[in-house]
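This is target-v1.cif (mmCIF, C-alpha atoms and all ligand atoms).
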```cif
data_data
#
loop_
_atom_site.label_atom_id
_atom_site.label_comp_id
_atom_site.auth_asym_id
_atom_site.auth_seq_id
_atom_site.Cartn_x
_atom_site.Cartn_y
_atom_site.Cartn_z
CA MET A 29 15.47 -27.49 -8.99
CA THR A 30 16.67 -25.62 -5.91
CA THR A 31 16.22 -21.85 -5.94
CA LEU A 32 17.78 -19.50 -3.43
CA PHE A 33 16.14 -16.11 -3.03
CA ASP A 34 18.62 -13.79 -1.37
CA LEU A 35 16.33 -11.33 0.38
CA ARG A 36 19.06 -9.75 2.51
CA VAL A 37 20.11 -6.12 2.29
CA GLU A 38 23.82 -7.02 2.62
CA LYS A 39 24.25 -9.89 0.19
CA SER A 40 27.51 -11.42 1.42
CA GLN A 41 28.84 -14.21 -0.79
CA ASP A 42 30.25 -16.06 2.27
CA THR A 43 26.83 -17.31 3.37
CA ILE A 44 26.02 -18.59 -0.11
CA THR A 45 29.41 -20.31 -0.41
CA LEU A 46 28.81 -21.99 2.96
CA ILE A 47 25.40 -23.25 1.80
CA GLN A 48 26.90 -24.55 -1.45
CA THR A 49 29.55 -26.53 0.43
CA HIS A 50 26.87 -28.26 2.52
CA LEU A 51 24.27 -28.91 -0.17
CA GLU A 52 25.54 -30.64 -3.24
CA ALA A 53 22.61 -29.64 -5.46
CA THR A 54 23.04 -26.98 -8.14
CA ILE A 55 21.46 -23.85 -6.79
CA ASN A 56 19.68 -21.25 -8.89
CA ILE A 57 20.60 -18.03 -7.07
CA ILE A 58 18.28 -15.03 -7.36
CA GLN A 59 19.32 -11.73 -5.77
CA VAL A 60 16.16 -9.88 -4.79
CA ASP A 61 16.54 -6.11 -4.61
CA ASP A 62 14.64 -4.89 -1.54
CA GLN A 63 14.56 -1.38 -3.04
CA GLN A 64 12.85 -2.60 -6.21
CA LEU A 65 10.49 -5.24 -4.84
CA LYS A 66 7.17 -3.53 -4.24
CA ALA A 67 4.94 -4.18 -1.23
CA CYS A 68 1.58 -5.95 -1.57
CA THR A 69 -1.15 -3.31 -1.81
CA GLY A 70 -3.99 -5.65 -0.79
CA CYS A 71 -5.79 -4.94 -4.11
CA TRP A 72 -6.98 -8.59 -4.38
CA ASP A 73 -6.62 -8.55 -8.19
CA CYS A 74 -4.72 -11.86 -7.82
CA TRP A 75 -7.87 -13.34 -6.32
CA LEU A 76 -10.76 -11.50 -7.92
CA LYS A 77 -9.73 -10.07 -11.31
CA THR A 78 -6.81 -12.09 -12.71
CA PRO A 79 -6.91 -15.23 -10.50
CA GLY A 80 -3.40 -16.34 -9.55
CA LEU A 81 -1.64 -13.34 -11.14
CA CYS A 82 -0.34 -10.40 -9.11
CA ALA A 83 -1.19 -6.99 -10.56
CA ILE A 84 2.12 -5.40 -9.58
CA ASN A 85 4.48 -5.31 -12.52
CA ASP A 86 7.93 -5.76 -10.99
CA GLU A 87 10.63 -8.41 -10.64
CA MET A 88 8.32 -10.60 -8.50
CA GLN A 89 6.58 -11.66 -11.74
CA GLN A 90 9.62 -13.82 -12.58
CA HIS A 91 10.08 -14.96 -8.98
CA TYR A 92 6.61 -16.56 -8.84
CA GLN A 93 7.51 -18.88 -11.72
CA ALA A 94 10.93 -19.75 -10.25
CA PHE A 95 9.27 -20.40 -6.88
CA MET A 96 6.66 -22.77 -8.26
CA ARG A 97 9.16 -24.61 -10.52
CA SER A 98 11.43 -25.44 -7.58
CA ASP A 99 11.43 -28.54 -5.39
CA THR A 100 13.25 -26.57 -2.72
CA VAL A 101 13.25 -22.83 -2.11
CA MET A 102 15.81 -21.22 0.16
CA LEU A 103 15.09 -17.85 1.67
CA LEU A 104 18.03 -15.83 3.02
CA ILE A 105 16.66 -13.25 5.38
CA ASP A 106 18.17 -10.54 7.56
CA THR A 107 16.55 -8.75 10.45
CA ALA A 108 15.72 -5.26 11.67
CA GLN A 109 14.19 -3.95 14.90
CA GLY A 110 13.61 -7.42 16.39
CA PHE A 111 12.03 -9.14 13.39
CA ILE A 112 12.65 -10.03 9.75
CA HIS A 113 13.57 -7.13 7.45
CA HIS A 114 10.71 -5.42 5.58
CA GLY A 115 12.09 -6.52 2.18
CA ALA A 116 11.73 -10.20 3.13
CA LYS A 117 8.26 -9.53 4.54
CA ALA A 118 7.20 -7.90 1.25
CA PHE A 119 8.29 -11.09 -0.56
CA ILE A 120 6.34 -13.23 1.93
CA ASP A 121 3.21 -11.06 1.62
CA ARG A 122 3.30 -11.25 -2.17
CA LEU A 123 3.22 -15.09 -2.05
CA ILE A 124 -0.50 -14.76 -1.21
CA ALA A 125 -1.09 -14.69 -5.01
CA LEU A 126 -0.20 -18.40 -5.11
CA HIS A 127 -3.25 -19.24 -2.99
CA HIS A 128 -7.02 -19.02 -3.37
CA PRO A 129 -9.32 -16.51 -1.72
CA TYR A 130 -11.47 -19.53 -0.78
CA ILE A 131 -11.32 -20.46 2.85
CA VAL A 132 -10.92 -23.86 4.45
CA PHE A 133 -11.05 -24.72 8.12
CA LYS A 134 -8.47 -26.54 10.23
CA HIS A 135 -7.60 -26.72 13.96
CA GLY A 136 -10.49 -24.30 14.68
CA GLU A 137 -8.93 -21.65 12.41
CA CYS A 138 -9.51 -20.41 8.87
CA ARG A 139 -6.88 -20.65 6.14
CA HIS A 140 -6.84 -20.17 2.40
CA LYS A 141 -7.41 -23.06 0.04
CA THR A 142 -4.34 -23.99 -1.99
CA ARG A 143 -4.35 -22.94 -5.67
CA TYR A 144 -1.66 -25.47 -6.62
CA LYS A 145 -1.45 -29.13 -5.65
CA THR A 146 1.98 -28.80 -4.09
CA TYR A 147 4.37 -26.08 -3.00
CA PRO A 148 8.15 -26.24 -2.66
CA LYS A 149 9.93 -27.17 0.52
CA LEU A 150 11.27 -24.04 2.27
CA LEU A 151 14.71 -23.74 3.85
CA VAL A 152 14.92 -20.44 5.71
CA HIS A 153 18.17 -18.95 6.91
CA VAL A 154 17.83 -15.91 9.16
CA ASP A 155 20.87 -13.81 9.95
CA ASN A 156 19.51 -13.02 13.38
CA SER A 157 22.66 -12.00 15.25
CA ASP A 158 21.10 -8.72 16.42
CA LEU A 159 17.99 -10.33 17.96
CA THR A 160 17.49 -11.13 21.63
CA ALA A 161 16.85 -14.78 22.57
CA LEU A 162 13.11 -14.03 22.88
CA GLU A 163 13.01 -12.24 19.52
CA LYS A 164 14.76 -15.24 17.93
CA ASP A 165 12.11 -17.58 19.37
CA MET A 166 9.28 -15.30 18.25
CA THR A 167 10.73 -15.05 14.74
CA ARG A 168 11.06 -18.84 14.57
CA THR A 169 7.45 -19.42 15.65
CA TYR A 170 6.32 -16.73 13.20
CA LEU A 171 8.13 -18.46 10.34
CA SER A 172 6.55 -21.79 11.25
CA ARG A 173 3.10 -20.15 11.13
CA MET A 174 3.94 -18.49 7.81
CA ALA A 175 4.97 -21.87 6.34
CA ASP A 176 1.79 -23.47 7.69
CA HIS A 177 -0.26 -20.61 6.16
CA TYR A 178 1.38 -21.29 2.79
CA ARG A 179 1.34 -25.13 3.22
CA SER A 180 5.07 -25.57 2.72
CA LYS A 181 7.15 -28.03 4.65
CA ALA A 182 9.78 -25.75 6.16
CA TYR A 183 13.12 -25.89 7.95
CA LEU A 184 15.23 -23.31 9.70
CA MET A 185 18.71 -23.56 8.22
CA ALA A 186 21.62 -22.88 10.58
CA LEU A 187 25.11 -22.55 9.09
CA THR A 188 27.28 -21.92 12.14
CA PRO A 189 28.72 -23.40 14.31
CA SER A 190 27.56 -26.34 12.17
CA PHE A 191 25.10 -26.93 9.36
CA ASN A 192 21.68 -27.90 10.70
CA LEU A 193 18.11 -28.11 9.42
CA GLU A 194 15.53 -27.69 12.18
CA PRO A 195 11.94 -28.55 11.15
CA LEU A 196 9.66 -25.54 11.48
CA LYS A 197 6.75 -27.40 13.04
CA ARG A 198 3.37 -25.87 13.76
CA SER A 199 3.97 -24.18 17.12
CA GLN A 200 2.10 -21.99 19.53
CA PRO A 201 2.68 -18.23 19.34
CA ILE A 202 4.75 -16.54 22.02
CA HIS A 203 2.65 -13.66 23.32
CA LYS A 204 1.39 -12.12 26.58
CA THR A 205 5.02 -11.88 27.69
CA ILE A 206 4.36 -8.52 29.40
CA LYS A 207 1.34 -6.85 30.93
CA ALA A 208 -0.21 -3.78 29.36
CA SER A 209 -0.02 -0.64 31.50
CA LYS A 210 -3.29 0.78 32.82
CA THR A 211 -1.86 4.14 33.90
CA PRO A 212 -4.14 6.97 32.67
CA SER A 213 -2.89 9.59 30.24
CA ASP A 214 -4.64 12.72 28.95
CA GLU A 215 -1.98 13.68 26.43
CA PRO A 216 -2.78 13.60 22.68
CA TRP A 217 -2.23 10.54 20.49
CA ILE A 218 -0.48 10.13 17.18
CA ILE A 219 -2.34 7.44 15.20
CA TYR A 220 -0.42 5.71 12.43
CA THR A 221 -2.67 3.89 9.97
CA GLY A 222 -0.96 0.90 8.34
CA SER A 223 -3.11 -0.24 5.42
CA PRO A 224 -1.30 -0.28 2.06
CA ARG A 225 -4.65 -0.20 0.22
CA ARG A 226 -5.03 2.77 -2.11
CA LYS A 227 -8.81 2.75 -1.72
CA LYS A 228 -11.49 0.99 0.34
CA SER A 229 -9.34 0.35 3.39
CA ASN A 230 -11.06 -1.20 6.42
CA THR A 231 -8.49 0.49 8.64
CA GLN A 232 -9.57 3.82 7.16
CA VAL A 233 -13.24 3.00 7.77
CA ILE A 234 -12.38 2.39 11.44
CA VAL A 235 -10.33 5.54 11.87
CA ASP A 236 -12.97 7.63 10.07
CA ALA A 237 -15.58 6.34 12.53
CA LEU A 238 -13.74 7.63 15.59
CA SER A 239 -16.05 10.21 17.08
CA GLU A 240 -15.64 13.97 16.90
CA ASP A 241 -15.01 14.05 20.70
CA VAL A 242 -11.82 12.12 20.16
CA LYS A 243 -10.61 13.85 17.01
CA ALA A 244 -9.37 16.90 18.89
CA ASN A 245 -7.07 14.57 20.80
CA VAL A 246 -5.47 12.79 17.86
CA GLU A 247 -3.31 13.38 14.81
CA ILE A 248 -3.75 10.74 12.11
CA ARG A 249 -0.82 9.85 9.86
CA ASP A 250 -1.11 7.40 6.96
CA LEU A 251 2.01 5.26 6.57
CA LYS A 252 1.41 5.09 2.81
CA ASN A 253 2.91 8.59 2.80
CA THR A 254 6.45 7.25 2.89
CA LYS A 255 7.91 10.65 2.02
CA HIS A 256 7.17 11.73 5.61
CA PHE A 257 8.97 8.75 7.18
CA ASN A 258 12.15 10.65 8.10
CA THR A 259 10.24 13.47 9.78
CA TRP A 260 7.85 11.16 11.64
CA GLN A 261 10.67 8.85 12.76
CA SER A 262 12.56 11.81 14.19
CA THR A 263 9.56 13.34 16.03
CA PHE A 264 8.65 9.95 17.59
CA LYS A 265 10.91 10.61 20.59
CA ASP A 266 8.84 13.68 21.57
CA GLU A 267 5.43 12.03 21.19
CA PRO A 268 4.01 10.74 24.47
CA ASN A 269 1.27 8.53 22.99
CA VAL A 270 1.57 6.56 19.75
CA LEU A 271 -1.01 4.11 18.41
CA PHE A 272 -0.67 1.88 15.35
CA VAL A 273 -3.97 0.86 13.69
CA LEU A 274 -3.33 -1.72 11.01
CA PRO A 275 -4.45 -4.78 9.07
CA LEU A 276 -2.95 -8.23 9.62
CA TYR A 277 -0.76 -9.40 6.71
CA VAL A 278 0.29 -13.06 6.90
CA HIS A 279 0.04 -13.04 10.71
CA HIS A 280 2.11 -9.87 11.01
CA VAL A 281 2.18 -6.23 9.93
CA PRO A 282 2.31 -5.12 6.26
CA SER A 283 5.88 -4.64 5.03
CA HIS A 284 5.76 -0.83 4.67
CA VAL A 285 4.87 -0.61 8.39
CA LEU A 286 8.00 -2.63 9.24
CA ARG A 287 9.95 -0.23 7.06
CA PHE A 288 8.70 2.69 9.15
CA ILE A 289 9.25 0.91 12.47
CA LYS A 290 12.85 0.09 11.47
CA GLY A 291 13.73 3.79 11.75
CA LEU A 292 12.32 4.36 15.27
CA LYS A 293 14.73 5.00 18.14
CA PRO A 294 14.17 4.19 21.86
CA SER A 295 12.43 6.96 23.77
CA GLN A 296 9.98 7.51 26.61
CA GLY A 297 6.24 7.36 26.11
CA ASN A 298 3.38 4.97 25.47
CA LEU A 299 2.83 2.57 22.60
CA ALA A 300 -0.48 0.90 21.75
CA PHE A 301 -1.71 -1.25 18.87
CA PHE A 302 -4.97 -2.14 17.16
CA VAL A 303 -4.86 -4.96 14.62
CA GLN A 304 -7.80 -6.01 12.47
CA SER A 305 -7.91 -9.02 10.17
CA GLY A 306 -9.97 -10.82 7.56
CA PHE A 307 -10.55 -14.17 9.26
CA PRO A 308 -12.87 -13.96 12.27
CA GLU A 309 -10.69 -15.62 14.92
CA SER A 310 -8.32 -13.38 16.86
CA ALA A 311 -5.75 -16.20 17.28
CA GLN A 312 -4.56 -15.22 13.78
CA SER A 313 -3.02 -12.11 15.39
CA HIS A 314 -1.28 -13.68 18.39
CA TYR A 315 2.09 -13.82 16.62
CA VAL A 316 2.07 -10.10 15.93
CA GLU A 317 0.82 -9.38 19.44
CA GLY A 318 4.03 -10.94 20.81
CA TYR A 319 6.05 -8.82 18.41
CA PHE A 320 4.33 -5.62 19.60
CA GLU A 321 5.20 -6.47 23.20
CA GLY A 322 8.85 -7.04 22.28
CA LEU A 323 8.94 -3.91 20.13
CA SER A 324 7.67 -1.74 23.00
CA GLN A 325 10.47 -3.09 25.18
CA ARG A 326 13.07 -2.58 22.44
CA LEU A 327 11.94 1.03 22.07
CA ASN A 328 11.88 1.54 25.85
CA ARG A 329 8.23 2.51 25.61
CA THR A 330 5.41 1.62 27.99
CA TYR A 331 3.28 -1.07 26.38
CA LYS A 332 -0.40 -0.09 26.42
CA GLY A 333 -1.69 -3.30 24.89
CA THR A 334 -2.95 -4.70 21.61
CA ALA A 335 -6.62 -4.74 20.67
CA ILE A 336 -7.45 -7.49 18.17
CA LYS A 337 -10.52 -7.68 15.97
CA GLY A 338 -11.11 -10.37 13.34
CA GLY A 339 -13.70 -10.54 10.57
CA CYS A 340 -13.10 -7.00 9.31
CA GLU A 341 -12.78 -7.63 5.55
CA ALA A 342 -16.57 -7.45 5.36
CA LEU A 343 -16.61 -3.90 6.82
CA GLN A 344 -16.43 -2.15 3.45
CA HIS A 345 -18.96 -4.48 1.79
CA VAL A 346 -21.85 -4.39 4.27
CA GLN A 347 -24.80 -1.99 4.45
CA ALA A 348 -24.42 1.21 6.49
CA SER A 349 -26.51 -0.06 9.44
CA THR A 350 -24.56 -3.35 9.67
CA GLN A 351 -21.31 -1.42 9.37
CA ALA A 352 -22.34 0.89 12.23
CA ASN A 353 -23.06 -2.16 14.43
CA MET A 354 -19.72 -3.72 13.55
CA LEU A 355 -17.87 -0.47 14.25
CA LYS A 356 -19.44 0.33 17.64
CA PRO A 357 -17.36 -2.06 19.81
CA ILE A 358 -14.24 -1.06 17.88
CA THR A 359 -14.70 2.68 18.32
CA ASP A 360 -15.70 2.22 21.99
CA THR A 361 -12.38 0.45 22.54
CA LEU A 362 -10.29 3.06 20.74
CA GLU A 363 -12.11 6.02 22.26
CA HIS A 364 -11.43 4.70 25.75
CA LEU A 365 -7.74 4.38 24.95
CA ILE A 366 -7.56 7.91 23.56
CA ILE A 367 -9.56 9.62 26.31
CA GLU A 368 -8.38 7.63 29.36
CA GLY A 369 -4.95 6.51 28.14
CA PHE A 370 -5.42 2.75 28.46
CA TYR A 371 -7.47 -0.11 27.04
CA LEU A 372 -10.33 -1.51 29.09
CA ASP A 373 -10.12 -5.32 29.46
CA GLN A 374 -13.85 -5.77 28.93
CA HIS A 375 -13.55 -3.99 25.55
CA LEU A 376 -10.57 -6.15 24.51
CA ASN A 377 -12.32 -9.36 25.55
CA LYS A 378 -15.43 -8.49 23.58
CA LEU A 379 -13.43 -7.65 20.45
CA LYS A 380 -11.23 -10.72 20.48
CA THR A 381 -14.13 -13.22 20.42
CA PRO A 382 -13.91 -15.78 18.86
CA VAL A 383 -10.29 -16.52 19.70
CA LYS A 384 -10.65 -19.83 17.88
CA PHE A 385 -13.65 -21.94 16.98
CA SER A 386 -14.39 -24.77 19.37
CA GLY A 387 -17.05 -27.39 20.22
CA LEU A 388 -20.45 -27.04 18.58
CA VAL A 389 -19.53 -23.83 16.76
CA ARG A 390 -16.64 -25.70 15.13
CA VAL A 391 -19.01 -28.38 13.85
CA LEU A 392 -21.46 -25.76 12.59
CA VAL A 393 -18.78 -23.71 10.83
CA SER A 394 -17.33 -26.87 9.20
CA PHE A 395 -20.82 -27.68 7.94
CA MET A 396 -21.23 -24.15 6.50
CA PHE A 397 -17.90 -24.56 4.68
CA LYS A 398 -19.07 -27.91 3.26
CA LEU A 399 -22.27 -26.29 1.97
CA GLY A 400 -20.19 -23.53 0.33
CA ILE A 401 -22.04 -20.82 2.28
CA ILE A 402 -18.88 -19.07 3.46
CA ASN A 403 -17.18 -18.98 0.06
CA ARG A 404 -20.22 -17.49 -1.69
CA PHE A 405 -18.87 -14.05 -0.81
CA TRP A 406 -15.79 -14.62 -3.03
CA ASN A 407 -17.83 -16.11 -5.87
CA THR A 408 -20.09 -13.04 -5.96
CA LEU A 409 -17.04 -10.77 -6.26
CA LEU A 410 -15.42 -13.02 -8.91
CA LYS A 411 -18.64 -12.93 -10.94
CA GLU A 412 -18.91 -9.14 -10.64
CA ASN A 413 -15.43 -8.91 -12.19
CA GLY A 414 -16.15 -11.45 -14.95
CA ALA A 415 -13.37 -13.67 -13.51
CA TYR A 416 -15.44 -16.56 -12.18
CA ALA A 417 -14.58 -18.92 -15.08
CA LEU A 418 -10.88 -18.40 -14.34
CA ARG A 419 -11.18 -18.92 -10.59
CA HIS A 420 -9.15 -22.15 -10.58
CA ALA A 421 -6.38 -20.82 -12.86
CA ARG A 422 -2.83 -21.98 -12.18
CA PRO A 423 -0.80 -19.51 -14.22
CA TYR A 424 2.57 -20.82 -13.03
CA LEU A 425 3.76 -24.29 -13.89
CA GLU A 426 4.35 -26.25 -10.76
CA LYS A 427 7.01 -28.88 -10.40
CA LYS A 428 5.63 -32.42 -10.21
CA ARG A 429 6.72 -33.45 -6.76
C1 LIG A 501 -1.17 -10.13 1.83
C2 LIG A 501 -2.31 -10.25 2.79
C3 LIG A 501 -2.18 -11.11 3.88
C4 LIG A 501 -3.22 -11.26 4.80
N1 LIG A 501 -3.06 -12.11 5.84
C5 LIG A 501 -4.06 -12.30 6.73
C6 LIG A 501 -3.92 -13.22 7.80
O1 LIG A 501 -2.87 -13.84 8.00
N2 LIG A 501 -4.99 -13.44 8.61
C7 LIG A 501 -6.18 -12.76 8.44
O2 LIG A 501 -7.11 -13.00 9.19
N3 LIG A 501 -6.31 -11.81 7.46
C8 LIG A 501 -5.29 -11.58 6.60
N4 LIG A 501 -5.43 -10.67 5.58
C9 LIG A 501 -6.70 -9.92 5.45
C10 LIG A 501 -6.61 -8.47 5.97
O3 LIG A 501 -6.11 -8.42 7.26
C11 LIG A 501 -8.01 -7.87 5.95
O4 LIG A 501 -8.51 -7.95 4.65
C12 LIG A 501 -8.04 -6.45 6.45
O5 LIG A 501 -9.36 -6.10 6.79
C13 LIG A 501 -7.53 -5.44 5.42
O6 LIG A 501 -7.58 -4.15 5.98
P1 LIG A 501 -7.35 -2.85 5.09
O7 LIG A 501 -8.54 -2.74 4.14
O8 LIG A 501 -7.33 -1.70 6.05
O9 LIG A 501 -6.07 -3.00 4.38
C14 LIG A 501 -4.42 -10.51 4.64
C15 LIG A 501 -4.54 -9.63 3.56
C16 LIG A 501 -3.49 -9.51 2.64
C17 LIG A 501 -3.65 -8.55 1.48
#
```
Do you think you could lay out the structure here as structure tokens?
Ligand SMILES: Cc1cc2nc3c(=O)[nH]c(=O)nc-3n(C[C@H](O)[C@H](O)[C@H](O)COP(=O)(O)O)c2cc1C
Amino acid sequence: MTTLFDLRVEKSQDTITLIQTHLEATINIIQVDDQQLKACTGCWDCWLKTPGLCAINDEMQQHYQAFMRSDTVMLLIDTAQGFIHHGAKAFIDRLIALHHPYIVFKHGECRHKTRYKTYPKLLVHVDNSDLTALEKDMTRTYLSRMADHYRSKAYLMALTPSFNLEPLKRSQPIHKTIKASKTPSDEPWIIYTGSPRRKKSNTQVIVDALSEDVKANVEIRDLKNTKHFNTWQSTFKDEPNVLFVLPLYVHHVPSHVLRFIKGLKPSQGNLAFFVQSGFPESAQSHYVEGYFEGLSQRLNRTYKGTAIKGGCEALQHVQASTQANMLKPITDTLEHLIIEGFYLDQHLNKLKTPVKFSGLVRVLVSFMFKLGIINRFWNTLLKENGAYALRHARPYLEKKR
């Protein structure tokens, strides 16, 4: 079976007709409503309470089954503000439920163990006419990383001037395209926090830890409060310093953050980013780093850099003293940005280690994976929730490929 998920806002029939003329297979067409499809909230119920099943009760429940029953899945995606539209990103984020929390190790990086034996082939068509050449390249490399993350063989599907399927091979991220400005600034900062979690957010733990000295200089706005989006998007042009502090979601930002960013207009001022992630290696965040550079240019803002910190999922689970030690280099980095107006390279370098695992460390980490030491964390949480016996559940029937 071939299933086409139309994730575009403007669902023109022309594109679908063009695809049908090129591919002779019968296509099961599913129109996904970006207004109805809810964003992943990072609750981890699909991993730790009802293994393999997403807790959000919306149309995605049917889409999971259609996805897993297909040999080929087509994704029709449109773009906004230099990247894929937030509706398509919400769909991509929600696919995490089809994978295990367990971690495996490849190419010096962590990835999730597959829950199913096989996953459908992906054909992705991006209506990217409003992207610059660099943004197109960045989006392509992002999609190849996304497909690698989800272990799907993937192709970029072009329809004009002629039909073409370009393999989305594992490729290096495009980042460090511009230099971060080191010009000081003593003006206040607006901090947008970008975790969709309702409770126990690591981003929140970080922002809460910023010292009292800094608090007088910042206004913190939680992007879960979507009712304020219009106001915040319109005041952006008058705000000299804006910082986004957010978790990494499938190598990029959570979809509700993209939804907010979509409404920003070019204006003068500074833009800085802090991204924290679950896996320890900062290379996970290089794709989004490139996007932040491009976004700053798109918005005419001075790019103040991206601080990257891996291994943060443990923040909320560790004892207070361990948490304080983990937070210190993070808050030092952010406090310097807020007080002086720029990131200090030595702070960034300390945070981003390890970029990837290499040499002896790689051997040691592989050994720890083999002994099951690293995945004990997930087993403890599964047991606490009485879900351990169901940990290998495959609630959706997969197509025998
Ligand atoms: C849908 C989803 C996708 C994620 N993708 C990644 C990823 O690609 N790489 C990574 O290292 N961590 C990833 N994470 C882990 C989060 O970045 C990490 O748990 C983070 O600390 C959550 O922060 P928060 O509690 O503030 O939301 C993902 C989490 C979710 C829910």
Please report as a Markdown table every residue of chain A lying within 6 Å of ligand LIG 501 (chain A), along with the nearest atom pair and their distance in Å (one decimal), using all atoms listed in the file.
```
| residue | atom | partner | partner_atom | distance |
| --- | --- | --- | --- | --- |
| A:Gly70 | CA | A:LIG501 | C17 | 3.7 |
| A:Asp121 | CA | A:LIG501 | C1 | 4.5 |
| A:Ile124 | CA | A:LIG501 | C1 | 5.6 |
| A:Ser223 | CA | A:LIG501 | O9 | 4.2 |
| A:Pro224 | CA | A:LIG501 | O9 | 6.0 |
| A:Arg225 | CA | A:LIG501 | O9 | 5.2 |
| A:Ser229 | CA | A:LIG501 | O7 | 3.3 |
| A:Asn230 | CA | A:LIG501 | O7 | 3.7 |
| A:Thr231 | CA | A:LIG501 | O8 | 3.6 |
| A:Pro275 | CA | A:LIG501 | O3 | 4.4 |
| A:Leu276 | CA | A:LIG501 | O3 | 3.9 |
| A:Tyr277 | CA | A:LIG501 | C3 | 3.6 |
| A:Val278 | CA | A:LIG501 | O1 | 3.4 |
| A:His279 | CA | A:LIG501 | O1 | 4.1 |
| A:Gln304 | CA | A:LIG501 | O5 | 5.9 |
| A:Ser305 | CA | A:LIG501 | O3 | 3.5 |
| A:Gly306 | CA | A:LIG501 | N3 | 3.8 |
| A:Phe307 | CA | A:LIG501 | O2 | 3.6 |
| A:Gln312 | CA | A:LIG501 | N2 | 5.5 |
| A:Cys340 | CA | A:LIG501 | O5 | 4.6 |
| A:Glu341 | CA | A:LIG501 | O5 | 3.9 |
```
Surrounding residues of Ala421 in chain A excluding itself and chain neighbours under 2 positions, 8 Å, all atoms listed in the file, as a list in words: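 Answer for this query is Pro79, Gly80, Arg143, Leu418, Arg419 and Pro423 of chain A.
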Quick one, how far is CA of Gln296 in chain A from CA of Ser262 in chain A?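 Spanning CA of Gln296 in chain A to CA of Ser262 in chain A is a straight-line distance of 13.4 Å.
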Contact residues around Val101 in chain A with all atoms listed in the file at 10 Å, ignoring same-chain residues under 5 positions, as a list in words: Met29, Thr30, Thr31, Leu32, Phe33, Ile55, Asn56, Ala94, Phe95, Met96, Tyr147, Pro148, Lys149, Leu150, Leu151, Val152, Ser180 and Ala182 of chain A
Selected residue, from A:Asp106, A:Glu363, A:Asp158, A:Glu52, that lies nearest to Lys243 in chain A when counting only C-alpha atoms: A:Glu363
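Closest approach to Leu65 in chain A among A:Ser283, A:Thr263, A:Ser313, A:Thr43: A:Ser283, based on all atoms listed in the file.
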Let me make sure I understand: among A:Ser40, A:Thr211, A:Asn258, A:Gln90, which one has the smallest atom-to-atom distance to Ile58 in chain A if we use only C-alpha atoms?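 Nearest to Ile58 in chain A: A:Gln90.
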Show which residues sit within 7 Å of Ala300 in chain A, as an MDAnalysis selection string. Count only C-alpha atoms, and ignore same-chain residues fewer than 6 positions away. chainID A and resid 270:272 331:334
Mind listing as a PyMOL selection string all residues within 12 Å of (-21.6, 1.0, 10.6), counting all atoms listed in the file? chain A and resi 230+233-234+236-238+340+342-359
Please identify all polymer residues within 12 Å of Asp266 in chain A, counting all atoms listed in the file, omitting same-chain residues fewer than 5 positions from it, and present them as a short mmCIF file (atom, residue, chain, number, x, y, z; two decimals) with C-alpha atoms, in the coordinates of the input.
```
data_model
loop_
_atom_site.label_atom_id
_atom_site.label_comp_id
_atom_site.auth_asym_id
_atom_site.auth_seq_id
_atom_site.Cartn_x
_atom_site.Cartn_y
_atom_site.Cartn_z
CA GLU A 215 -1.98 13.68 26.43
CA PRO A 216 -2.78 13.60 22.68
CA TRP A 217 -2.23 10.54 20.49
CA ILE A 218 -0.48 10.13 17.18
CA THR A 259 10.24 13.47 9.78
CA TRP A 260 7.85 11.16 11.64
CA GLN A 261 10.67 8.85 12.76
CA LEU A 292 12.32 4.36 15.27
CA LYS A 293 14.73 5.00 18.14
CA PRO A 294 14.17 4.19 21.86
CA SER A 295 12.43 6.96 23.77
CA GLN A 296 9.98 7.51 26.61
CA GLY A 297 6.24 7.36 26.11
CA ASN A 298 3.38 4.97 25.47
CA ARG A 329 8.23 2.51 25.61
#
```
What gap, in Å, lies between CA of Leu81 in chain A and CA of Gln93 in chain A?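 Distance between the two atoms: 10.7 Å.
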For range 190-209 of chain A, take all atoms listed in the file, fit an axis-aligned box around them, add 3 Å to each of the six sides, then output centre and edge lengths in Å rounded to one decimal, as JSON.
```
{"center_x": 13.7, "center_y": -14.6, "center_z": 20.4, "size_x": 33.8, "size_y": 33.9, "size_z": 28.1}
```
I need every residue sitting at most 9 Å from the point (15.0, -9.7, 12.5) (coordinates as in the file, all atoms listed in the file considered), written as a list in words.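 Checked against the point, the hits come out as Ile105, Asp106, Thr107, Ala108, Gln109, Gly110, Phe111, Ile112, His113, Val154, Asp155, Asn156, Ser157, Asp158, Leu159, Glu163, Lys164 and Thr167 of chain A.
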Please, could you write that set of residues out with C-alpha atoms as a short mmCIF file (atom, residue, chain, number, x, y, z; two decimals), in the frame of the given file?
```cif
data_model
loop_
_atom_site.label_atom_id
_atom_site.label_comp_id
_atom_site.auth_asym_id
_atom_site.auth_seq_id
_atom_site.Cartn_x
_atom_site.Cartn_y
_atom_site.Cartn_z
CA ILE A 105 16.66 -13.25 5.38
CA ASP A 106 18.17 -10.54 7.56
CA THR A 107 16.55 -8.75 10.45
CA ALA A 108 15.72 -5.26 11.67
CA GLN A 109 14.19 -3.95 14.90
CA GLY A 110 13.61 -7.42 16.39
CA PHE A 111 12.03 -9.14 13.39
CA ILE A 112 12.65 -10.03 9.75
CA HIS A 113 13.57 -7.13 7.45
CA VAL A 154 17.83 -15.91 9.16
CA ASP A 155 20.87 -13.81 9.95
CA ASN A 156 19.51 -13.02 13.38
CA SER A 157 22.66 -12.00 15.25
CA ASP A 158 21.10 -8.72 16.42
CA LEU A 159 17.99 -10.33 17.96
CA GLU A 163 13.01 -12.24 19.52
CA LYS A 164 14.76 -15.24 17.93
CA THR A 167 10.73 -15.05 14.74
#
```
